[in-house]
Amino acid sequence: MPLVRNVRNLGHHLIEAVWRLGYATRFFVLILMNSGLSFRRFHLIVRELFFSGVMSLVIILVAGLFVGVVLGLQGYETLKSYGSESSLGQLVALSLVRELGPVLAALLFASRAGSAMTAEIGLMKATEQIAAMEMMAVNPIARVVAPRFWAGVISMPLLAAMFSVMGVFGGYLVGVVFIGVDEGSFWSQMQFSVDFQHDILNGVLKSFVFGVAVTVIALFEGYDAPATAEGVSGATTRTVVQSSVVILLLDVILTAIMFRGI
Amino acid sequence: MERSTLDLWVGVFVVAGIAAIAILAFKVGNLGTYNVSESYQVKAYFTNVGGLRATASVKSSGVLVGRVTEVKLNSERYEAEVTMSIDKRYQFPKDTLVSILTSGLLGDQYIGLKPGMDDGMLKNGDVIHMTRSAVVLEDIIGQIVASKAENAK
């Protein structure tokens, strides 16, 4: 009976998904509870900040610049038909600070740093380094996982802010320097419309939430990966796919709460 | 524990990140034009606020002097109660006329202040009585249509 088998498969996958979600939640709580050590020995976090933050810097800055340039070009073409090229600064800054900065930086962070975290922890597990730590009475969550979590959470808002700044600079470059939009109105329209609390702080909050989501997914997938080569590669793929979907889903929810006041 | 080049890079990263947030706040955002402590609050009642929202600007002679902080319906008067905070540097007479204006044909709505002749100045918590509500486009169109119909007879 293929129908019965399909229903059974569906149920199996659903239960499996809920099971993993519960396990991931417990893992997240475990990270928070075992974070004390990583703050007492702060150099653990600093080391991970280097790998997840500093190493992502180049791609974030370059991507931010390109996104800003494209926004400037496209925005100018559209605004020109309404005769309001002077609002280009407003368009570029608001779209970057509210949406593109946090979301695109988080997507890049997930593929650049998140996948690396998963692969690293998955391989540590596959080569039994995690088991060895437990054997020596070293808590692997406190020693390996928590520093990576906090490094991701700290670096994500900083990376998103840098992305937005580079984007605004890119928009300025293309709009003011190349096309010739009035410089004064570019900046004044921008400052007039971008509110510190409503736009910038909400953007920082968004990237913070994305940082938590991406690092928890990446660390969990690594920690939960089957201890084989296929297992680790599958877990890395899942990290990127799941983080991307979760980032966009969270963005919908956060935008609805922050900017529509639902 | 020794200092390493890794620490230097992380330091540079954190400083650059915080600088980016500061640039966003002061250069891109309006934190540079904010002074929260030096403002006073006044209220005004309107029969219709149109599309006026919190954070809309308050202008006098076209100069930005404050921001709208709250728009709500007063359920005793059944009128919209608009609270605005005005920069302490700008003092206005008690009989100032408050009107809701639109920037451009379809632009944002803002509040325009037109000073009166009174000697007393507005203080924190005062209510401005002279108000002019927002112009609702549908009402104007309705009036035009009605007057056309009148002429046609």
# chains A, B, ... in the order shown; residues from 1 in each chain; ligands from 1

call {"tool": "interface_residues", "arguments": {"of": "chain B", "to": "chain A", "cutoff": "9 Å", "atoms": "only C-alpha atoms", "output": "VMD selection string"}}
result
chain B and resid 1 6 to 7 9 to 14 16 to 21 23 to 33 55

call {"tool": "select_by_dssp", "arguments": {"residues": "segment 58-152 of chain B", "states": "strand (DSSP E or B)", "output": "MDAnalysis selection string"}}
result
chainID B and resid 58:60 63:74 79:87 93 97:102 109:114 121 126:128 131:132

call {"tool": "write_last_selection", "arguments": {"atoms": "N, CA and C atoms", "output": "CSV table (one decimal), in the first residue's frame"}}
result
chain,number,residue,atom,x,y,z
B,58,VAL,N,8.0,69.0,13.0
B,58,VAL,CA,7.3,70.2,13.3
B,58,VAL,C,8.1,71.4,12.8
B,59,LYS,N,7.5,72.2,11.9
B,59,LYS,CA,8.3,73.3,11.3
B,59,LYS,C,7.6,74.6,11.6
B,60,SER,N,8.5,75.6,11.6
B,60,SER,CA,8.0,77.0,11.6
B,60,SER,C,8.8,77.8,10.5
B,63,VAL,N,11.5,75.9,8.9
B,63,VAL,CA,12.7,75.4,9.7
B,63,VAL,C,12.2,74.3,10.7
B,64,LEU,N,12.9,73.2,10.7
B,64,LEU,CA,12.6,72.1,11.6
B,64,LEU,C,12.8,72.6,13.1
B,65,VAL,N,11.8,72.6,13.9
B,65,VAL,CA,11.9,73.0,15.3
B,65,VAL,C,11.6,71.9,16.3
B,66,GLY,N,11.0,70.8,15.8
B,66,GLY,CA,10.7,69.7,16.7
B,66,GLY,C,10.1,68.5,16.0
B,67,ARG,N,9.6,67.6,16.8
B,67,ARG,CA,9.0,66.3,16.2
B,67,ARG,C,7.7,66.0,16.9
B,68,VAL,N,6.8,65.3,16.2
B,68,VAL,CA,5.6,64.8,16.7
B,68,VAL,C,6.0,63.6,17.5
B,69,THR,N,5.6,63.5,18.8
B,69,THR,CA,5.9,62.3,19.6
B,69,THR,C,4.8,61.3,19.7
B,70,GLU,N,3.5,61.8,19.6
B,70,GLU,CA,2.4,60.9,19.8
B,70,GLU,C,1.2,61.4,19.1
B,71,VAL,N,0.5,60.5,18.4
B,71,VAL,CA,-0.8,60.8,17.9
B,71,VAL,C,-1.8,59.8,18.4
B,72,LYS,N,-2.9,60.3,19.1
B,72,LYS,CA,-3.9,59.3,19.6
B,72,LYS,C,-5.2,60.0,19.6
B,73,LEU,N,-6.3,59.1,19.7
B,73,LEU,CA,-7.6,59.7,19.8
B,73,LEU,C,-8.0,59.9,21.2
B,74,ASN,N,-8.4,61.2,21.5
B,74,ASN,CA,-8.8,61.5,22.9
B,74,ASN,C,-10.3,61.0,22.9
B,79,GLU,N,-11.5,63.8,19.5
B,79,GLU,CA,-10.6,64.5,18.6
B,79,GLU,C,-9.2,63.9,18.7
B,80,ALA,N,-8.4,64.1,17.6
B,80,ALA,CA,-7.1,63.5,17.6
B,80,ALA,C,-6.2,64.4,18.5
B,81,GLU,N,-5.5,63.8,19.4
B,81,GLU,CA,-4.6,64.5,20.3
B,81,GLU,C,-3.2,64.3,19.8
B,82,VAL,N,-2.5,65.4,19.5
B,82,VAL,CA,-1.2,65.3,18.9
B,82,VAL,C,-0.2,65.9,19.9
B,83,THR,N,0.8,65.1,20.4
B,83,THR,CA,1.8,65.6,21.3
B,83,THR,C,3.0,65.9,20.5
B,84,MET,N,3.6,67.0,20.7
B,84,MET,CA,4.9,67.3,19.9
B,84,MET,C,5.9,67.8,20.9
B,85,SER,N,7.2,67.5,20.6
B,85,SER,CA,8.2,68.0,21.4
B,85,SER,C,9.0,69.0,20.6
B,86,ILE,N,9.2,70.2,21.2
B,86,ILE,CA,9.8,71.3,20.4
B,86,ILE,C,11.1,71.7,21.1
B,87,ASP,N,12.1,72.0,20.3
B,87,ASP,CA,13.4,72.4,20.8
B,87,ASP,C,13.3,73.6,21.7
B,93,PRO,N,4.6,82.0,21.0
B,93,PRO,CA,3.6,82.6,21.8
B,93,PRO,C,2.4,81.6,22.1
B,97,LEU,N,-0.7,79.4,15.9
B,97,LEU,CA,-1.6,78.6,15.0
B,97,LEU,C,-0.9,77.3,14.6
B,98,VAL,N,-1.5,76.2,14.9
B,98,VAL,CA,-0.9,74.9,14.5
B,98,VAL,C,-1.7,74.3,13.4
B,99,SER,N,-1.1,74.1,12.2
B,99,SER,CA,-1.8,73.5,11.1
B,99,SER,C,-1.1,72.3,10.6
B,100,ILE,N,-1.8,71.3,10.1
B,100,ILE,CA,-1.2,70.1,9.5
B,100,ILE,C,-1.1,70.4,8.0
B,101,LEU,N,0.1,70.3,7.5
B,101,LEU,CA,0.4,70.7,6.1
B,101,LEU,C,1.0,69.5,5.4
B,102,THR,N,1.1,69.6,4.1
B,102,THR,CA,1.7,68.5,3.3
B,102,THR,C,2.8,69.0,2.5
B,109,GLN,N,3.1,64.4,5.7
B,109,GLN,CA,2.4,65.4,6.4
B,109,GLN,C,3.3,65.9,7.5
B,110,TYR,N,3.3,67.2,7.8
B,110,TYR,CA,4.0,67.7,8.9
B,110,TYR,C,3.2,68.8,9.6
B,111,ILE,N,3.7,69.3,10.7
B,111,ILE,CA,3.0,70.3,11.4
B,111,ILE,C,3.7,71.7,11.2
B,112,GLY,N,2.9,72.7,10.9
B,112,GLY,CA,3.4,74.0,10.7
B,112,GLY,C,3.0,74.9,11.8
B,113,LEU,N,3.9,75.6,12.4
B,113,LEU,CA,3.6,76.6,13.5
B,113,LEU,C,3.6,78.0,13.0
B,114,LYS,N,2.6,78.8,13.2
B,114,LYS,CA,2.6,80.2,12.8
B,114,LYS,C,2.4,81.0,14.1
B,121,MET,N,4.5,82.9,26.6
B,121,MET,CA,5.1,81.8,25.8
B,121,MET,C,4.6,80.5,26.2
B,126,ASP,N,1.6,72.5,27.9
B,126,ASP,CA,0.5,73.4,27.4
B,126,ASP,C,-0.3,72.8,26.3
B,127,VAL,N,-1.5,73.3,26.2
B,127,VAL,CA,-2.3,72.9,25.0
B,127,VAL,C,-2.5,74.1,24.1
B,128,ILE,N,-2.2,73.9,22.8
B,128,ILE,CA,-2.5,74.9,21.9
B,128,ILE,C,-3.9,74.9,21.4
B,131,THR,N,-6.0,75.5,16.1
B,131,THR,CA,-5.5,74.5,15.2
B,131,THR,C,-6.3,74.5,13.9
B,132,ARG,N,-5.6,74.0,12.9
B,132,ARG,CA,-6.3,73.8,11.6
B,132,ARG,C,-6.0,72.4,11.1

call {"tool": "atom_distance", "arguments": {"atom1": "atom CA of Glu128 of chain A", "atom2": "atom CA of Gly234 of chain A"}}
result
18.4 Å

call {"tool": "atom_distance", "arguments": {"atom1": "atom CA of Gln242 of chain A", "atom2": "atom CA of Val103 of chain A"}}
result
14.1 Å

call {"tool": "select_by_dssp", "arguments": {"residues": "segment 11-239 of chain A", "states": "alpha helix (DSSP H)", "output": "PyMOL selection string"}}
result
chain A and resi 11-33+36-40+43-52+57-80+88-94+101-109+115-126+129-135+140+146-172+183-193+202-224+229-239

call {"tool": "atom_distance", "arguments": {"atom1": "atom CA of Phe169 of chain A", "atom2": "atom CA of Leu250 of chain A"}}
result
27.2 Å

call {"tool": "residues_around", "arguments": {"residues": "Phe220 of chain A", "least_positions_apart": "6", "cutoff": "10 Å", "atoms": "only C-alpha atoms", "output": "PyMOL selection string"}}
result
chain A and resi 20+23-25+27-28+117-118+121-122+145+214+235+239

call {"tool": "closest_residue", "arguments": {"among": "A:Asn9, A:Ser38, A:Ser111, A:Ser87", "to": "Ser56 of chain A", "atoms": "only C-alpha atoms"}}
result
A:Ser111

call {"tool": "residues_around", "arguments": {"residues": "Gly120 of chain B", "least_positions_apart": "6", "cutoff": "10 Å", "atoms": "only C-alpha atoms", "output": "VMD selection string"}}
result
chain B and resid 91 to 95

call {"tool": "residues_around", "arguments": {"residues": "Ile247 of chain A", "least_positions_apart": "6", "cutoff": "12 Å", "atoms": "only C-alpha atoms", "output": "ChimeraX atom specification"}}
result
/A:99-100,102-110,206-215,217,239-241,253-255

call {"tool": "write_last_selection", "arguments": {"atoms": "N, CA and C atoms", "output": "CSV table (one decimal), in the first residue's frame"}}
result
chain,number,residue,atom,x,y,z
A,99,GLU,N,16.8,46.7,5.9
A,99,GLU,CA,16.7,45.4,5.4
A,99,GLU,C,18.0,44.7,4.9
A,100,LEU,N,18.5,45.4,3.9
A,100,LEU,CA,19.6,44.7,3.1
A,100,LEU,C,20.8,44.5,4.0
A,102,PRO,N,21.3,44.0,7.5
A,102,PRO,CA,21.2,42.9,8.3
A,102,PRO,C,21.0,41.6,7.6
A,103,VAL,N,20.1,41.5,6.6
A,103,VAL,CA,19.7,40.3,5.9
A,103,VAL,C,20.9,39.7,5.1
A,104,LEU,N,21.4,40.6,4.2
A,104,LEU,CA,22.5,40.1,3.3
A,104,LEU,C,23.8,39.8,4.1
A,105,ALA,N,24.1,40.6,5.1
A,105,ALA,CA,25.3,40.3,5.9
A,105,ALA,C,25.1,39.0,6.6
A,106,ALA,N,23.8,38.7,7.1
A,106,ALA,CA,23.6,37.4,7.8
A,106,ALA,C,23.7,36.2,6.8
A,107,LEU,N,23.2,36.4,5.6
A,107,LEU,CA,23.3,35.3,4.6
A,107,LEU,C,24.7,35.1,4.3
A,108,LEU,N,25.5,36.1,4.1
A,108,LEU,CA,26.9,35.9,3.8
A,108,LEU,C,27.7,35.3,5.0
A,109,PHE,N,27.3,35.7,6.2
A,109,PHE,CA,27.9,35.2,7.4
A,109,PHE,C,27.6,33.7,7.5
A,110,ALA,N,26.3,33.3,7.2
A,110,ALA,CA,26.0,31.9,7.3
A,110,ALA,C,26.8,31.1,6.4
A,206,LYS,N,17.9,43.4,14.6
A,206,LYS,CA,17.7,42.4,13.6
A,206,LYS,C,18.9,41.6,13.5
A,207,SER,N,20.1,42.2,13.2
A,207,SER,CA,21.3,41.5,13.0
A,207,SER,C,21.7,40.7,14.2
A,208,PHE,N,21.4,41.2,15.4
A,208,PHE,CA,21.7,40.4,16.6
A,208,PHE,C,20.9,39.1,16.6
A,209,VAL,N,19.6,39.2,16.3
A,209,VAL,CA,18.7,38.0,16.3
A,209,VAL,C,19.2,37.1,15.2
A,210,PHE,N,19.6,37.6,14.0
A,210,PHE,CA,20.1,36.7,13.0
A,210,PHE,C,21.4,36.0,13.4
A,211,GLY,N,22.2,36.8,14.1
A,211,GLY,CA,23.5,36.2,14.6
A,211,GLY,C,23.2,35.0,15.5
A,212,VAL,N,22.3,35.2,16.5
A,212,VAL,CA,21.9,34.1,17.4
A,212,VAL,C,21.4,32.9,16.5
A,213,ALA,N,20.5,33.1,15.6
A,213,ALA,CA,19.9,32.0,14.8
A,213,ALA,C,21.0,31.3,14.0
A,214,VAL,N,21.8,32.1,13.3
A,214,VAL,CA,22.8,31.4,12.4
A,214,VAL,C,23.8,30.6,13.2
A,215,THR,N,24.3,31.2,14.3
A,215,THR,CA,25.3,30.4,15.0
A,215,THR,C,24.7,29.2,15.7
A,217,ILE,N,22.2,27.4,14.7
A,217,ILE,CA,22.0,26.4,13.6
A,217,ILE,C,23.3,25.7,13.3
A,239,THR,N,23.3,23.5,7.2
A,239,THR,CA,23.5,24.8,7.9
A,239,THR,C,23.2,25.9,7.0
A,240,VAL,N,23.8,25.9,5.7
A,240,VAL,CA,23.6,27.1,4.9
A,240,VAL,C,22.1,27.2,4.5
A,241,VAL,N,21.5,26.0,4.1
A,241,VAL,CA,20.1,26.1,3.6
A,241,VAL,C,19.2,26.6,4.8
A,253,ILE,N,9.1,38.2,10.2
A,253,ILE,CA,8.4,38.4,11.5
A,253,ILE,C,8.9,39.7,12.1
A,254,LEU,N,10.2,39.9,12.1
A,254,LEU,CA,10.8,41.1,12.8
A,254,LEU,C,10.3,42.4,12.1
A,255,THR,N,10.3,42.4,10.8
A,255,THR,CA,9.8,43.5,10.0
A,255,THR,C,8.4,43.8,10.4

call {"tool": "decode", "arguments": {"residues": "segment 64-156 of chain A", "atoms": "C-alpha atoms", "output": "PDB file, in the first residue's frame"}}
result
ATOM      1  CA  GLY A  64      28.205  45.856   0.760  1.00  0.00           C
ATOM      2  CA  LEU A  65      29.902  48.156  -1.693  1.00  0.00           C
ATOM      3  CA  PHE A  66      28.433  46.322  -4.683  1.00  0.00           C
ATOM      4  CA  VAL A  67      24.943  46.252  -3.211  1.00  0.00           C
ATOM      5  CA  GLY A  68      25.155  49.990  -2.537  1.00  0.00           C
ATOM      6  CA  VAL A  69      26.318  50.691  -6.080  1.00  0.00           C
ATOM      7  CA  VAL A  70      23.451  48.649  -7.539  1.00  0.00           C
ATOM      8  CA  LEU A  71      20.951  50.368  -5.232  1.00  0.00           C
ATOM      9  CA  GLY A  72      22.290  53.736  -6.352  1.00  0.00           C
ATOM     10  CA  LEU A  73      21.996  52.866 -10.046  1.00  0.00           C
ATOM     11  CA  GLN A  74      18.576  51.224  -9.854  1.00  0.00           C
ATOM     12  CA  GLY A  75      17.191  53.768  -7.412  1.00  0.00           C
ATOM     13  CA  TYR A  76      18.326  56.641  -9.597  1.00  0.00           C
ATOM     14  CA  GLU A  77      16.681  55.159 -12.690  1.00  0.00           C
ATOM     15  CA  THR A  78      13.380  54.715 -10.847  1.00  0.00           C
ATOM     16  CA  LEU A  79      13.418  58.000  -8.942  1.00  0.00           C
ATOM     17  CA  LYS A  80      14.289  59.915 -12.114  1.00  0.00           C
ATOM     18  CA  SER A  81      10.886  59.089 -13.592  1.00  0.00           C
ATOM     19  CA  TYR A  82       9.270  60.871 -10.623  1.00  0.00           C
ATOM     20  CA  GLY A  83      11.710  63.751 -10.784  1.00  0.00           C
ATOM     21  CA  SER A  84      12.890  63.081  -7.237  1.00  0.00           C
ATOM     22  CA  GLU A  85      16.526  62.070  -7.712  1.00  0.00           C
ATOM     23  CA  SER A  86      17.358  64.022  -4.561  1.00  0.00           C
ATOM     24  CA  SER A  87      15.716  61.287  -2.447  1.00  0.00           C
ATOM     25  CA  LEU A  88      18.343  58.806  -3.615  1.00  0.00           C
ATOM     26  CA  GLY A  89      20.180  59.056  -0.300  1.00  0.00           C
ATOM     27  CA  GLN A  90      17.011  58.289   1.591  1.00  0.00           C
ATOM     28  CA  LEU A  91      16.257  55.261  -0.584  1.00  0.00           C
ATOM     29  CA  VAL A  92      19.760  53.815  -0.328  1.00  0.00           C
ATOM     30  CA  ALA A  93      20.135  54.404   3.408  1.00  0.00           C
ATOM     31  CA  LEU A  94      16.700  53.167   4.448  1.00  0.00           C
ATOM     32  CA  SER A  95      16.833  49.990   2.374  1.00  0.00           C
ATOM     33  CA  LEU A  96      20.321  49.203   3.668  1.00  0.00           C
ATOM     34  CA  VAL A  97      19.829  50.037   7.325  1.00  0.00           C
ATOM     35  CA  ARG A  98      16.423  48.409   7.658  1.00  0.00           C
ATOM     36  CA  GLU A  99      16.657  45.354   5.422  1.00  0.00           C
ATOM     37  CA  LEU A 100      19.576  44.678   3.147  1.00  0.00           C
ATOM     38  CA  GLY A 101      22.354  45.302   5.654  1.00  0.00           C
ATOM     39  CA  PRO A 102      21.194  42.863   8.340  1.00  0.00           C
ATOM     40  CA  VAL A 103      19.748  40.261   5.947  1.00  0.00           C
ATOM     41  CA  LEU A 104      22.502  40.094   3.335  1.00  0.00           C
ATOM     42  CA  ALA A 105      25.258  40.291   5.937  1.00  0.00           C
ATOM     43  CA  ALA A 106      23.597  37.413   7.801  1.00  0.00           C
ATOM     44  CA  LEU A 107      23.277  35.341   4.619  1.00  0.00           C
ATOM     45  CA  LEU A 108      26.947  35.924   3.814  1.00  0.00           C
ATOM     46  CA  PHE A 109      27.894  35.207   7.407  1.00  0.00           C
ATOM     47  CA  ALA A 110      25.957  31.924   7.311  1.00  0.00           C
ATOM     48  CA  SER A 111      27.746  30.747   4.211  1.00  0.00           C
ATOM     49  CA  ARG A 112      31.163  32.095   5.153  1.00  0.00           C
ATOM     50  CA  ALA A 113      31.410  31.508   8.907  1.00  0.00           C
ATOM     51  CA  GLY A 114      28.433  29.260   9.693  1.00  0.00           C
ATOM     52  CA  SER A 115      29.447  26.528   7.262  1.00  0.00           C
ATOM     53  CA  ALA A 116      33.014  26.658   8.593  1.00  0.00           C
ATOM     54  CA  MET A 117      31.759  26.266  12.172  1.00  0.00           C
ATOM     55  CA  THR A 118      29.642  23.249  11.225  1.00  0.00           C
ATOM     56  CA  ALA A 119      32.452  21.567   9.317  1.00  0.00           C
ATOM     57  CA  GLU A 120      34.942  22.227  12.114  1.00  0.00           C
ATOM     58  CA  ILE A 121      32.773  20.864  14.904  1.00  0.00           C
ATOM     59  CA  GLY A 122      31.506  18.005  12.751  1.00  0.00           C
ATOM     60  CA  LEU A 123      35.079  16.956  11.994  1.00  0.00           C
ATOM     61  CA  MET A 124      36.059  17.328  15.634  1.00  0.00           C
ATOM     62  CA  LYS A 125      33.273  14.926  16.427  1.00  0.00           C
ATOM     63  CA  ALA A 126      34.143  12.565  13.551  1.00  0.00           C
ATOM     64  CA  THR A 127      37.784  12.403  14.648  1.00  0.00           C
ATOM     65  CA  GLU A 128      36.646  11.847  18.239  1.00  0.00           C
ATOM     66  CA  GLN A 129      38.216  15.015  19.601  1.00  0.00           C
ATOM     67  CA  ILE A 130      34.956  15.853  21.350  1.00  0.00           C
ATOM     68  CA  ALA A 131      34.844  12.415  22.933  1.00  0.00           C
ATOM     69  CA  ALA A 132      38.473  12.849  24.003  1.00  0.00           C
ATOM     70  CA  MET A 133      37.618  16.144  25.714  1.00  0.00           C
ATOM     71  CA  GLU A 134      34.788  14.502  27.605  1.00  0.00           C
ATOM     72  CA  MET A 135      37.203  11.794  28.617  1.00  0.00           C
ATOM     73  CA  MET A 136      39.512  14.431  30.123  1.00  0.00           C
ATOM     74  CA  ALA A 137      36.536  15.945  31.988  1.00  0.00           C
ATOM     75  CA  VAL A 138      36.558  19.028  29.764  1.00  0.00           C
ATOM     76  CA  ASN A 139      33.042  20.086  28.881  1.00  0.00           C
ATOM     77  CA  PRO A 140      33.072  20.384  25.065  1.00  0.00           C
ATOM     78  CA  ILE A 141      30.046  22.711  25.058  1.00  0.00           C
ATOM     79  CA  ALA A 142      31.793  25.183  27.353  1.00  0.00           C
ATOM     80  CA  ARG A 143      35.213  24.827  25.711  1.00  0.00           C
ATOM     81  CA  VAL A 144      34.349  24.515  21.999  1.00  0.00           C
ATOM     82  CA  VAL A 145      30.749  25.502  21.343  1.00  0.00           C
ATOM     83  CA  ALA A 146      29.995  28.472  23.619  1.00  0.00           C
ATOM     84  CA  PRO A 147      32.988  30.641  22.521  1.00  0.00           C
ATOM     85  CA  ARG A 148      31.958  30.167  18.884  1.00  0.00           C
ATOM     86  CA  PHE A 149      28.382  31.083  19.739  1.00  0.00           C
ATOM     87  CA  TRP A 150      29.344  34.326  21.479  1.00  0.00           C
ATOM     88  CA  ALA A 151      31.837  35.239  18.773  1.00  0.00           C
ATOM     89  CA  GLY A 152      29.094  34.873  16.172  1.00  0.00           C
ATOM     90  CA  VAL A 153      26.600  36.872  18.229  1.00  0.00           C
ATOM     91  CA  ILE A 154      29.118  39.691  18.791  1.00  0.00           C
ATOM     92  CA  SER A 155      30.418  39.878  15.241  1.00  0.00           C
ATOM     93  CA  MET A 156      27.074  39.740  13.418  1.00  0.00           C
TER      94      MET A 156
END
